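Input: a single structure, listed below in structure tokens.
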Amino acid sequence: MMEKVCNQPECTVAQTGTCLLDNSIEECPHYDNENVTGENVPFVEEEVEGEVTSAVQPALPSPIENPKFPHSFSLDPVEVNEITSKRYCRLIGILGLPDAGKTAFLASLYLLLSDNKLENFDFRDSQSIMAFEEISKGARQWSEHNPPSQMTSHTELVDERSAGFLHLRLYDKLNKENVDFLLPDLPGEWTTTLIDENRSERLEFLKSADFIWIMLDGRSFKDNSTKNAAFHKTKLLIQRLSKMLSPNCPHICLVMTWLDKGAPSDNVIEKLQALGPQNGVSLSIESIASFSEDNDVFPGSGVENLLRSSLTMINIQTPEFWNDTAADADRAFLSFRSVENS
Ligand SMILES: Nc1nc2c(ncn2[C@@H]2O[C@H](COP(=O)(O)OP(=O)(O)OP(=O)(O)O)[C@@H](O)[C@H]2O)c(=O)[nH]1
Ligand SMILES: [Mg+2]
């Protein structure tokens with residue numbers, strides 16, 4: 001049976017073919033011609049036992065594309081652009097030779113946040129949660145007293161030419177605000193080729209970085225057989241970065257990993273610290289133990305400090321765009337200029 005297509009309540013034209021007002025179907029003003037012949041309305045005929053019995057219209061039109069959740073893997077530069085166009089994100093450039101501890105830091109940070117182990121930061125959101133899950137699963141699943149020799153695997157990118165970024169939104173309890181971070185997980189070869197061949201085109205994104213972390217394997221600065229080479233490579237890397245990013249090279253933090261194997265000596269710190277003024281860059285040093293092989297050193301030591309010191313440094317370096325004290329201080333604009341020029 002056809003559905004009723006006349007808007008007169010008593011009319012049975014759809015069932016009998018006879019109009020209540022004796023109008024022809026084409027001319028009757030109450031007959032819903034649109035609904036029967038209109039091209040926009042989906043019209044489904046249902047056949048029961050060989051005969052067309054009714055016309056059923058779907059409740060909703062079919063979607064043009066099936067809705068999907070965001071993929072939540074690491075983000076490519078185009079996706080990063082989309083996020084940064086909506087809100088301010090702190091972009092940290094993370095460099096370091098293979099096995100320096102870049103991925104281990106990211107895994108450690110994620111595990112600390114999942115366990116609510118950071119004192120002054122809370123997890124709020126991540127648009128790359130699957131990427132964090134992927135890099136930290138090795139560190140989470142192992143039998144007690146039998147840790148794997150490698151907590152994270154060597155980083156390989158799907159597209160060798162472009163960086164993969166991880167996104168994190170944290171609530172900063174000290175400043176009472178949400179902070180978005182974009183952290184690339186790069187393979188160590190990108191740093192090796194920057195040092196050895198000055199290959200920098202893949203690292204163009206560093207020009208927009210708020211901060212650069214150079215991860216250094218702390219063990220290599222303790223062992224006399226590797227110490228000189230480690231200093232030499234660090235010096236070359238800082239020279240390359242300072243040239244490449246001149247005149248706006250962001251603050252560089254040298255992050256000594258493997259703190260669980262002992263803190264760097266004062267002499268090492270002094271020599272590394274001197275690389276800043278020697279190359280005209282602002283430089284600081286932090287130590288972390290992303291994981292720990294020493295029961296006396298908490299795994300994740302130094303990770304919160306590193307985040308905090310970077311945030312503080314970014315806030316010092318970025319002057320307020322429009323000083324909101326202008327209304328109550330005559331010379332507020334001048335003091336804003338002096339911060340900018342300092
Ligand atoms: N105990 C301890 N182990 C660490 C620390 N940092 C890194 N590791 C170990 O060193 C291994 C290599 O570290 P990764 O973070 O994967 O090295 P990477 O810099 O990402 O290396 P590529 O991806 O090859 O460039 C990890 O699997 C950890 O097992 C640390 O602070 N303490
Ligand atoms: Mg890695």
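Here's how to read the names in the structure tokens: chain A, B, ... by the order shown, residue numbers from 1 in each chain, ligand numbers from 1 in the order shown.
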Would you give me, as JSON lines, each residue of chain A having an atom within 9 Å of an atom of ligand 2, along with its shortest atom pair and that distance in Å to one decimal, using only C-alpha atoms and all ligand atoms and sorting by chain and residue number?
{"residue": "A:Pro98", "atom": "CA", "partner": "ligand 2", "partner_atom_place_in_ligand_line": "1 (Mg)", "distance": 7.0}
{"residue": "A:Asp99", "atom": "CA", "partner": "ligand 2", "partner_atom_place_in_ligand_line": "1 (Mg)", "distance": 6.8}
{"residue": "A:Ala100", "atom": "CA", "partner": "ligand 2", "partner_atom_place_in_ligand_line": "1 (Mg)", "distance": 8.1}
{"residue": "A:Gly101", "atom": "CA", "partner": "ligand 2", "partner_atom_place_in_ligand_line": "1 (Mg)", "distance": 6.9}
{"residue": "A:Lys102", "atom": "CA", "partner": "ligand 2", "partner_atom_place_in_ligand_line": "1 (Mg)", "distance": 5.4}
{"residue": "A:Thr103", "atom": "CA", "partner": "ligand 2", "partner_atom_place_in_ligand_line": "1 (Mg)", "distance": 4.1}
{"residue": "A:Ala104", "atom": "CA", "partner": "ligand 2", "partner_atom_place_in_ligand_line": "1 (Mg)", "distance": 7.1}
{"residue": "A:Ile135", "atom": "CA", "partner": "ligand 2", "partner_atom_place_in_ligand_line": "1 (Mg)", "distance": 8.6}
{"residue": "A:Thr152", "atom": "CA", "partner": "ligand 2", "partner_atom_place_in_ligand_line": "1 (Mg)", "distance": 7.3}
{"residue": "A:Ser153", "atom": "CA", "partner": "ligand 2", "partner_atom_place_in_ligand_line": "1 (Mg)", "distance": 6.5}
{"residue": "A:His154", "atom": "CA", "partner": "ligand 2", "partner_atom_place_in_ligand_line": "1 (Mg)", "distance": 4.9}
{"residue": "A:Thr155", "atom": "CA", "partner": "ligand 2", "partner_atom_place_in_ligand_line": "1 (Mg)", "distance": 3.9}
{"residue": "A:Glu156", "atom": "CA", "partner": "ligand 2", "partner_atom_place_in_ligand_line": "1 (Mg)", "distance": 7.6}
{"residue": "A:Asp185", "atom": "CA", "partner": "ligand 2", "partner_atom_place_in_ligand_line": "1 (Mg)", "distance": 6.3}
{"residue": "A:Leu186", "atom": "CA", "partner": "ligand 2", "partner_atom_place_in_ligand_line": "1 (Mg)", "distance": 6.2}
{"residue": "A:Pro187", "atom": "CA", "partner": "ligand 2", "partner_atom_place_in_ligand_line": "1 (Mg)", "distance": 5.4}
{"residue": "A:Gly188", "atom": "CA", "partner": "ligand 2", "partner_atom_place_in_ligand_line": "1 (Mg)", "distance": 6.7}
Would you mind listing what lies within 12 Å of A:Ser114 as a VMD selection string, with only C-alpha atoms counted and same-chain residues fewer than 3 positions away left out? chain A and resid 107 to 111 117 to 118 121 to 126 129 132 to 133 136 140 170
May I have the residues from that selection written out with C-alpha atoms, as an mmCIF file, in the first residue's frame?
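After the write, result04.cif holds the following:
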data_model
loop_
_atom_site.group_PDB
_atom_site.id
_atom_site.type_symbol
_atom_site.label_atom_id
_atom_site.label_comp_id
_atom_site.auth_asym_id
_atom_site.auth_seq_id
_atom_site.Cartn_x
_atom_site.Cartn_y
_atom_site.Cartn_z
ATOM 1 C CA ALA A 107 57.310 7.502 27.451
ATOM 2 C CA SER A 108 58.350 8.396 30.991
ATOM 3 C CA LEU A 109 56.372 11.664 30.921
ATOM 4 C CA TYR A 110 53.274 9.841 29.687
ATOM 5 C CA LEU A 111 53.584 7.105 32.323
ATOM 6 C CA LYS A 117 52.879 11.290 39.639
ATOM 7 C CA LEU A 118 53.627 14.887 38.651
ATOM 8 C CA PHE A 121 50.824 19.179 36.340
ATOM 9 C CA ASP A 122 47.647 17.236 35.574
ATOM 10 C CA PHE A 123 46.837 15.469 32.317
ATOM 11 C CA ARG A 124 44.014 17.183 30.409
ATOM 12 C CA ASP A 125 44.032 15.890 26.831
ATOM 13 C CA SER A 126 46.128 14.517 24.013
ATOM 14 C CA ILE A 129 47.183 9.323 22.697
ATOM 15 C CA PHE A 132 51.998 7.756 23.477
ATOM 16 C CA GLU A 133 50.489 4.302 24.084
ATOM 17 C CA SER A 136 55.287 3.435 26.260
ATOM 18 C CA ARG A 140 54.632 -0.954 30.938
ATOM 19 C CA LEU A 170 48.419 19.731 30.804
#
With distances taken over only C-alpha atoms and all ligand atoms, which residue among A:Glu304, A:Asp294, A:Asp266, A:Glu177 lies nearest ligand 1? A:Asp294
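The shell of residues at most 8 Å from stretch 231-248 of chain A, with only C-alpha atoms counted and near chain neighbours (fewer than 2 positions) removed, consists of Thr191, Leu194, Ile195, Asn198, Ser200, Leu206, Lys207, Phe221, Lys227, Asn228, Ala229, Pro250, Leu272, Leu275, Asn279, Gly280 and Val281 of chain A.
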Expected file: the selected residues, N, CA and C atoms, as a tab-separated table (two decimals), in the first residue's frame:
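Result file is result.tsv:
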chain	number	residue	atom	x	y	z
A	191	THR	N	69.62	14.02	13.89
A	191	THR	CA	70.65	14.80	14.58
A	191	THR	C	72.02	14.44	14.02
A	194	LEU	N	72.53	16.14	10.82
A	194	LEU	CA	72.72	17.60	10.99
A	194	LEU	C	74.17	17.87	11.39
A	195	ILE	N	74.70	17.03	12.31
A	195	ILE	CA	76.09	17.24	12.76
A	195	ILE	C	77.07	16.91	11.64
A	198	ASN	N	75.44	18.60	7.91
A	198	ASN	CA	74.71	19.87	7.97
A	198	ASN	C	73.37	19.76	7.22
A	200	SER	N	69.74	20.08	7.10
A	200	SER	CA	68.82	20.74	8.02
A	200	SER	C	67.41	20.92	7.49
A	206	LEU	N	62.09	23.74	13.46
A	206	LEU	CA	62.76	24.29	14.66
A	206	LEU	C	62.69	25.82	14.68
A	207	LYS	N	62.48	26.40	13.48
A	207	LYS	CA	62.38	27.88	13.43
A	207	LYS	C	61.17	28.37	14.19
A	221	PHE	N	79.35	10.99	29.09
A	221	PHE	CA	80.20	12.06	29.65
A	221	PHE	C	80.93	11.59	30.91
A	227	LYS	N	84.05	10.39	26.41
A	227	LYS	CA	83.82	11.76	26.86
A	227	LYS	C	84.16	12.83	25.81
A	228	ASN	N	85.37	12.71	25.23
A	228	ASN	CA	85.81	13.75	24.28
A	228	ASN	C	84.92	13.81	23.06
A	229	ALA	N	84.59	12.62	22.55
A	229	ALA	CA	83.72	12.58	21.36
A	229	ALA	C	82.36	13.18	21.70
A	250	PRO	N	66.15	29.76	19.59
A	250	PRO	CA	65.48	29.66	20.89
A	250	PRO	C	66.44	29.16	21.97
A	272	LEU	N	80.13	22.22	29.55
A	272	LEU	CA	78.94	22.27	28.69
A	272	LEU	C	78.31	23.66	28.76
A	275	LEU	N	79.53	26.34	26.45
A	275	LEU	CA	79.19	26.29	25.02
A	275	LEU	C	78.14	27.34	24.65
A	279	ASN	N	78.93	30.21	21.67
A	279	ASN	CA	78.20	30.15	20.40
A	279	ASN	C	77.06	31.17	20.32
A	280	GLY	N	77.04	32.06	21.27
A	280	GLY	CA	76.02	33.13	21.26
A	280	GLY	C	74.60	32.63	21.45
A	281	VAL	N	74.42	31.56	22.21
A	281	VAL	CA	73.05	31.09	22.47
A	281	VAL	C	72.80	31.03	23.98
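Shortest separation to ligand 1 among A:Thr192, A:Ser309, A:Gln273, A:Thr16 occurs at residue A:Thr192, atoms counted being only C-alpha atoms and all ligand atoms.
The two atoms in question, atom CA of A:Gly138 and atom CA of A:Tyr171, are spaced 26.7 Å apart.
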As a ChimeraX atom specification, please: every residue in stretch 61-263 of chain A that a backbone DSSP assignment puts in alpha helix (DSSP H). /A:77-86,102-114,129-140,188-197,224-245
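The environment of stretch 213-217 of chain A within 7 Å, counting only C-alpha atoms and disregarding residues fewer than 2 places along the same chain, consists of Gly93, Ile94, Leu95, Gly96, Ala100, Gly101, Lys102, Phe211, Arg219, Ser220, Ile252, Cys253, Leu254, Val255, Met256, Thr257 and Trp258 of chain A.
Considering the residues A:Phe105, A:Phe298, A:Phe205, A:Phe165 and counting only C-alpha atoms and all ligand atoms, ligand 1 has its shortest atom-to-atom contact with A:Phe105.
You will find atom CA of A:Arg169 at 8.9 Å from atom CA of A:Leu182.
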Write out as number ranges by chain each polymer residue whose atoms come within 10 Å of A:Ser74, counting only C-alpha atoms; drop sequence neighbours fewer than 3 positions from it. A: 71, 77, 79-80, 127-132, 157, 163-167, 183-185
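Here atom CA of A:Ala289 and atom CA of A:Asn267 stand 20.2 Å from one another.
For the choices A:Gln150, A:Ser287, A:Thr18, A:Ser72, the atom-to-atom distance to ligand 1 is smallest for A:Gln150 when using only C-alpha atoms and all ligand atoms.
In terms of minimum interatomic distance to A:Trp190, A:Ser162 ranks closest within A:Glu270, A:Lys173, A:Ser162, A:Pro264, counting only C-alpha atoms.
Considering only C-alpha atoms and all ligand atoms, the residue among A:Ala274, A:Met313, A:Leu259, A:Ile212 positioned nearest to ligand 1 is A:Leu259.
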Going by DSSP on the backbone, which residues of stretch 209-247 of chain A come out as strand (DSSP E)? List them as a PyMOL selection string. chain A and resi 211-217
